[in-house]
Amino acid sequence: MKKIKIKKGILSILPLFCLLFNGGCNINVNLNVNNTPRLKWWQKTIAYEIYVKSFKDSDGDGIGDLNGITSELDHLKDMGVGAIWLTPCYVSPQADNGYDIADYYNIDPAYGTMEDMDRLIDEAGKRDIRIVMDLVFNHTSDQNEWFLKSRSSKDNDKSDWYIWADPKEDGSAPTNWRSIFGGSAWEYDENRGQYYLHTFLPQQPDLNWANPEVREELCNIAKFWIDKGVGGFRMDAITYIKKPAVFKDGTPDAEDGLAGIHSITANTDGILDYLHEFRSSVQDGNDIFTVGEANGVTSEDLDKWVGKNGVFDMVFSFELVNIDLPDENNWCVTRDWDLKKFKSFFSENLLSADSADGWFPVFLENHDQPRSINHFMPDDGERIAKAKALSVLLLTMRGTPFIMQGEELGFENVDWSSITDYNDISTKNHYEFLLGEGYSEEEAMAGIRRFSRDSSRTPMQWDDSENAGFTTGTPWLPVYPDYKEFNCAVERKDPDSVLNCYIELSKLRREHSELTEGDYKDILPDDENIFAFTRTKDDSKAIILINFTSNEVSYDGGLTEGATCIFSTTPKEQRGHLAPYGAVIYEM
Ligand code: GLC
């Protein structure tokens, strides 16, 4: 952004001036005394994702709940967290662990009551933490009363709230689209004699955003939660809301003869009109932020999604987490990648968000992804060193970092041997898909262990008591057996733990403003072992160097000449060298 020199006293009358002389006065008045743009609260903070079902159980039923979260807010406060993204805790039959919502205005009894939610918002607020709700607006549950009504006949007031289509002449599904969780994306309904579309499970029918009544109701839901005092929204699966004008078969991409729906319906022309409408109706004038789950949006289209002409404050791009997966979403076919490609994701996406005056959410994990140390690091032990190296990346990159619960303790992927050990429906379906494609059980299980969503969903490990202090009952998903060593209580006491690394880095971010506000530059884009970048603000510059390999590596010591080391993951930092998985931060 271009800097403009304005005297401090003028700032207060600037908006009036602009209003009176609205002739080319196109300046951002959100300036601080140094005349640089003032960051909003959600740009300066750290966000944390809570998988509600797995965080902390307060009533012994084996399922995490809202009161459990309230009881552990200080853990988050210590890490400097200012926003908690809660996975959906609304009333739901839980076919997809809450991403199938039956009632957007109430809390699922397994998670607590609306009073518990009010208390959570309140207690979090006392610690300067705001709650971010997950808005699942592409689809509802098939148990939502809107859908029950919609499927009851072809002429009721909700009949057009979902995507209904007639069978092909032979009675088969209207198109050959494969849902993201496997199998046809269409489900036949006897009553209507028609099929309905589901991008995900059959229990998750897609809403018809082309219907203005649907859009209005979705805005009302968001406003209801804003009135409750939440600080923002994560917009689930948002790139699928607009369907193509004509439904036609796609080119089959697997043995099942189906064509993956993602390449057909994601980010369809016209989607942004709906989202601009949502933004102006819901967000304008409210001090909240939105972050869209935007699978299918690339760095090239980012300027239409975020920033001054955008529809959200941030979007989660998927190019990084999909770096090793081909488009067809087959967990047995991985794609080669290297650190140069990994680094280019940040340069492309972050800088493209920046140039649109937008903002970037930094994430290496979420509840749909493998654990980052397994995903992005070589498979050779050194778990703690790898987790610390990635924590440096996450907490010093430009943008708002999103920590996935357990990431701050160094959690790794589950290593279960049989498909019956897994819970996630998409994992089970994908296993069947892989067998159908001709893979052996062993091959299929290797893919499952690598990508299953259960890895990021095992219960949080609080201490070394039974069930890691997550519940006094039987946990809904087994606690990972490493909990005696990797848990909050033990890690809190160990100065060299992954948790203390997160706490220290978050303090550093607060103390060195270039780490939150500074510009980003990749300074060794061609280096195959080291991720090195600077964060520069006015006269302060931080230089961050991270070794992504298990070997000691060298770099040109001149890069850090005259700079002071302010952080190192290894006890003896040596200029010009990085220890295996070592990460250091220098400041000039
Ligand atoms: C999003 C969620 C995922 C869910 C899917 C369907 O991708 O992150 O967990 O299964 O949408 O709602």
# chains A, B, ... in the order shown; residues from 1 in each chain; ligands from 1

$ closest_atom_pairs --of "chain A" --to "ligand 1" --cutoff "6 Å" --atoms "only C-alpha atoms and all ligand atoms" --output "CSV"
residue,atom,partner,partner_atom_place_in_ligand_line,distance
A:Asp96,CA,ligand 1,10 (O),5.8
A:Tyr99,CA,ligand 1,12 (O),4.5
A:Phe200,CA,ligand 1,6 (C),5.9
A:Asp236,CA,ligand 1,1 (C),5.3
A:Ala237,CA,ligand 1,11 (O),4.9
A:Asp368,CA,ligand 1,9 (O),5.5

$ select_by_dssp --residues "stretch 175-357 of chain A" --states "strand (DSSP E or B)" --output "PyMOL selection string"
chain A and resi 177-178+184+186-189+194-197+206-207+232-235+259-260+289-293+306+312+314-316

$ residues_around --residues "A:Thr87" --least-positions-apart "4" --cutoff "6 Å" --atoms "only C-alpha atoms" --output "tab-separated table (two decimals) with N, CA and C atoms, in the first residue's frame"
chain	number	residue	atom	x	y	z
A	51	TYR	N	-11.48	-29.05	17.59
A	51	TYR	CA	-12.39	-30.08	17.13
A	51	TYR	C	-13.21	-30.45	18.36
A	52	VAL	N	-14.40	-29.87	18.46
A	52	VAL	CA	-15.15	-29.86	19.72
A	52	VAL	C	-15.29	-31.26	20.31
A	134	ASP	N	-18.31	-22.16	12.78
A	134	ASP	CA	-18.17	-22.81	11.48
A	134	ASP	C	-19.54	-22.77	10.81

$ closest_residue --among "A:Glu187, A:Glu466, A:Asp284, A:Asp273" --to "A:Ala210" --atoms "only C-alpha atoms"
A:Asp273

$ select_by_dssp --residues "stretch 375-428 of chain A" --states "alpha helix (DSSP H)" --output "VMD selection string"
chain A and resid 375 to 376 383 to 396 425 to 428

$ write_last_selection --atoms "N, CA and C atoms" --output "CSV table (one decimal), in the first residue's frame"
chain,number,residue,atom,x,y,z
A,375,HIS,N,3.1,-35.1,7.2
A,375,HIS,CA,2.8,-34.6,5.9
A,375,HIS,C,3.9,-33.9,5.1
A,376,PHE,N,4.7,-33.1,5.9
A,376,PHE,CA,5.6,-32.2,5.2
A,376,PHE,C,7.1,-32.5,5.5
A,383,ARG,N,10.9,-36.4,16.0
A,383,ARG,CA,9.6,-35.8,16.0
A,383,ARG,C,9.6,-34.4,16.6
A,384,ILE,N,10.2,-34.3,17.7
A,384,ILE,CA,10.2,-33.0,18.4
A,384,ILE,C,10.8,-31.9,17.6
A,385,ALA,N,12.0,-32.2,17.1
A,385,ALA,CA,12.7,-31.2,16.2
A,385,ALA,C,11.9,-30.8,15.0
A,386,LYS,N,11.2,-31.8,14.4
A,386,LYS,CA,10.4,-31.4,13.2
A,386,LYS,C,9.2,-30.6,13.6
A,387,ALA,N,8.6,-30.9,14.7
A,387,ALA,CA,7.4,-30.1,15.2
A,387,ALA,C,7.8,-28.7,15.5
A,388,LYS,N,9.0,-28.5,16.1
A,388,LYS,CA,9.5,-27.2,16.4
A,388,LYS,C,9.8,-26.4,15.1
A,389,ALA,N,10.4,-27.1,14.2
A,389,ALA,CA,10.8,-26.4,12.9
A,389,ALA,C,9.5,-25.9,12.3
A,390,LEU,N,8.4,-26.7,12.3
A,390,LEU,CA,7.2,-26.3,11.6
A,390,LEU,C,6.5,-25.2,12.4
A,391,SER,N,6.7,-25.2,13.8
A,391,SER,CA,6.1,-24.2,14.6
A,391,SER,C,6.7,-22.8,14.2
A,392,VAL,N,8.0,-22.8,13.9
A,392,VAL,CA,8.6,-21.5,13.6
A,392,VAL,C,8.0,-21.0,12.3
A,393,LEU,N,7.8,-21.9,11.3
A,393,LEU,CA,7.2,-21.5,10.1
A,393,LEU,C,5.8,-20.9,10.3
A,394,LEU,N,5.0,-21.7,11.1
A,394,LEU,CA,3.6,-21.3,11.3
A,394,LEU,C,3.5,-19.9,12.0
A,395,LEU,N,4.4,-19.7,13.0
A,395,LEU,CA,4.2,-18.5,13.8
A,395,LEU,C,5.1,-17.3,13.4
A,396,THR,N,5.8,-17.5,12.3
A,396,THR,CA,6.6,-16.3,11.9
A,396,THR,C,6.2,-15.9,10.5
A,425,ILE,N,-16.1,-41.3,8.3
A,425,ILE,CA,-16.8,-41.9,7.2
A,425,ILE,C,-16.1,-41.8,5.9
A,426,SER,N,-15.5,-40.6,5.7
A,426,SER,CA,-14.8,-40.4,4.4
A,426,SER,C,-13.6,-41.4,4.3
A,427,THR,N,-13.0,-41.7,5.4
A,427,THR,CA,-11.9,-42.7,5.4
A,427,THR,C,-12.4,-44.0,5.0
A,428,LYS,N,-13.5,-44.4,5.6
A,428,LYS,CA,-14.1,-45.8,5.3
A,428,LYS,C,-14.5,-45.8,3.9

$ residues_around --residues "A:Glu442" --least-positions-apart "5" --cutoff "12 Å" --atoms "only C-alpha atoms" --output "PyMOL selection string"
chain A and resi 332+417-419+431+434-435+447-449

$ write_last_selection --atoms "N, CA and C atoms" --output "tab-separated table (two decimals), in the first residue's frame"
chain	number	residue	atom	x	y	z
A	332	CYS	N	-3.82	-43.44	-2.82
A	332	CYS	CA	-2.71	-44.34	-3.14
A	332	CYS	C	-1.80	-43.75	-4.21
A	417	SER	N	-3.98	-50.33	12.38
A	417	SER	CA	-3.69	-51.32	11.34
A	417	SER	C	-4.90	-51.73	10.52
A	418	SER	N	-6.10	-51.63	11.11
A	418	SER	CA	-7.25	-52.14	10.35
A	418	SER	C	-8.25	-51.01	10.10
A	419	ILE	N	-8.96	-51.11	9.01
A	419	ILE	CA	-9.93	-50.06	8.67
A	419	ILE	C	-11.02	-49.97	9.75
A	431	TYR	N	-11.54	-46.09	1.56
A	431	TYR	CA	-10.96	-47.44	1.60
A	431	TYR	C	-11.70	-48.34	0.60
A	434	LEU	N	-10.74	-47.47	-2.89
A	434	LEU	CA	-9.41	-47.96	-3.27
A	434	LEU	C	-9.45	-49.45	-3.62
A	435	LEU	N	-10.20	-50.22	-2.80
A	435	LEU	CA	-10.31	-51.65	-3.12
A	435	LEU	C	-10.97	-51.82	-4.49
A	447	GLY	N	-2.36	-45.95	2.19
A	447	GLY	CA	-2.96	-44.66	1.82
A	447	GLY	C	-3.79	-44.08	2.96
A	448	ILE	N	-4.54	-44.97	3.63
A	448	ILE	CA	-5.41	-44.54	4.73
A	448	ILE	C	-4.55	-43.96	5.88
A	449	ARG	N	-3.48	-44.67	6.20
A	449	ARG	CA	-2.63	-44.17	7.30
A	449	ARG	C	-2.01	-42.82	6.96

$ residues_around --residues "A:Gln405" --least-positions-apart "3" --cutoff "9 Å" --atoms "only C-alpha atoms" --output "ChimeraX atom specification"
/A:48-51,55,366-367,408-409,411,456-457,460

$ write_last_selection --atoms "C-alpha atoms" --output "PDB file, in the first residue's frame"
ATOM      1  CA  TYR A  48      -6.712 -22.010  17.141  1.00  0.00           C
ATOM      2  CA  GLU A  49      -8.978 -24.712  15.778  1.00  0.00           C
ATOM      3  CA  ILE A  50     -10.890 -26.815  18.281  1.00  0.00           C
ATOM      4  CA  TYR A  51     -12.393 -30.082  17.128  1.00  0.00           C
ATOM      5  CA  PHE A  55     -10.999 -31.322  22.978  1.00  0.00           C
ATOM      6  CA  ASN A 366      -6.727 -28.845  10.184  1.00  0.00           C
ATOM      7  CA  HIS A 367      -9.312 -31.482  11.085  1.00  0.00           C
ATOM      8  CA  GLU A 408       1.205 -27.431  19.656  1.00  0.00           C
ATOM      9  CA  LEU A 409       2.034 -30.704  21.427  1.00  0.00           C
ATOM     10  CA  PHE A 411       0.960 -34.810  17.563  1.00  0.00           C
ATOM     11  CA  SER A 456      -6.132 -34.919  13.479  1.00  0.00           C
ATOM     12  CA  ARG A 457      -9.213 -35.908  15.484  1.00  0.00           C
ATOM     13  CA  MET A 460      -6.563 -33.914  23.104  1.00  0.00           C
TER      14      MET A 460
END

$ closest_residue --among "A:Phe289, A:Phe533, A:Trp186, A:Phe567" --to "A:Ile226" --atoms "only C-alpha atoms"
A:Phe289

$ closest_residue --among "A:Ala489, A:Trp146, A:Phe433, A:Glu190" --to "A:Asp160" --atoms "only C-alpha atoms"
A:Trp146

$ closest_residue --among "A:Trp85, A:Gly399, A:Ile264, A:Asp380" --to "A:Thr290" --atoms "only C-alpha atoms"
A:Trp85
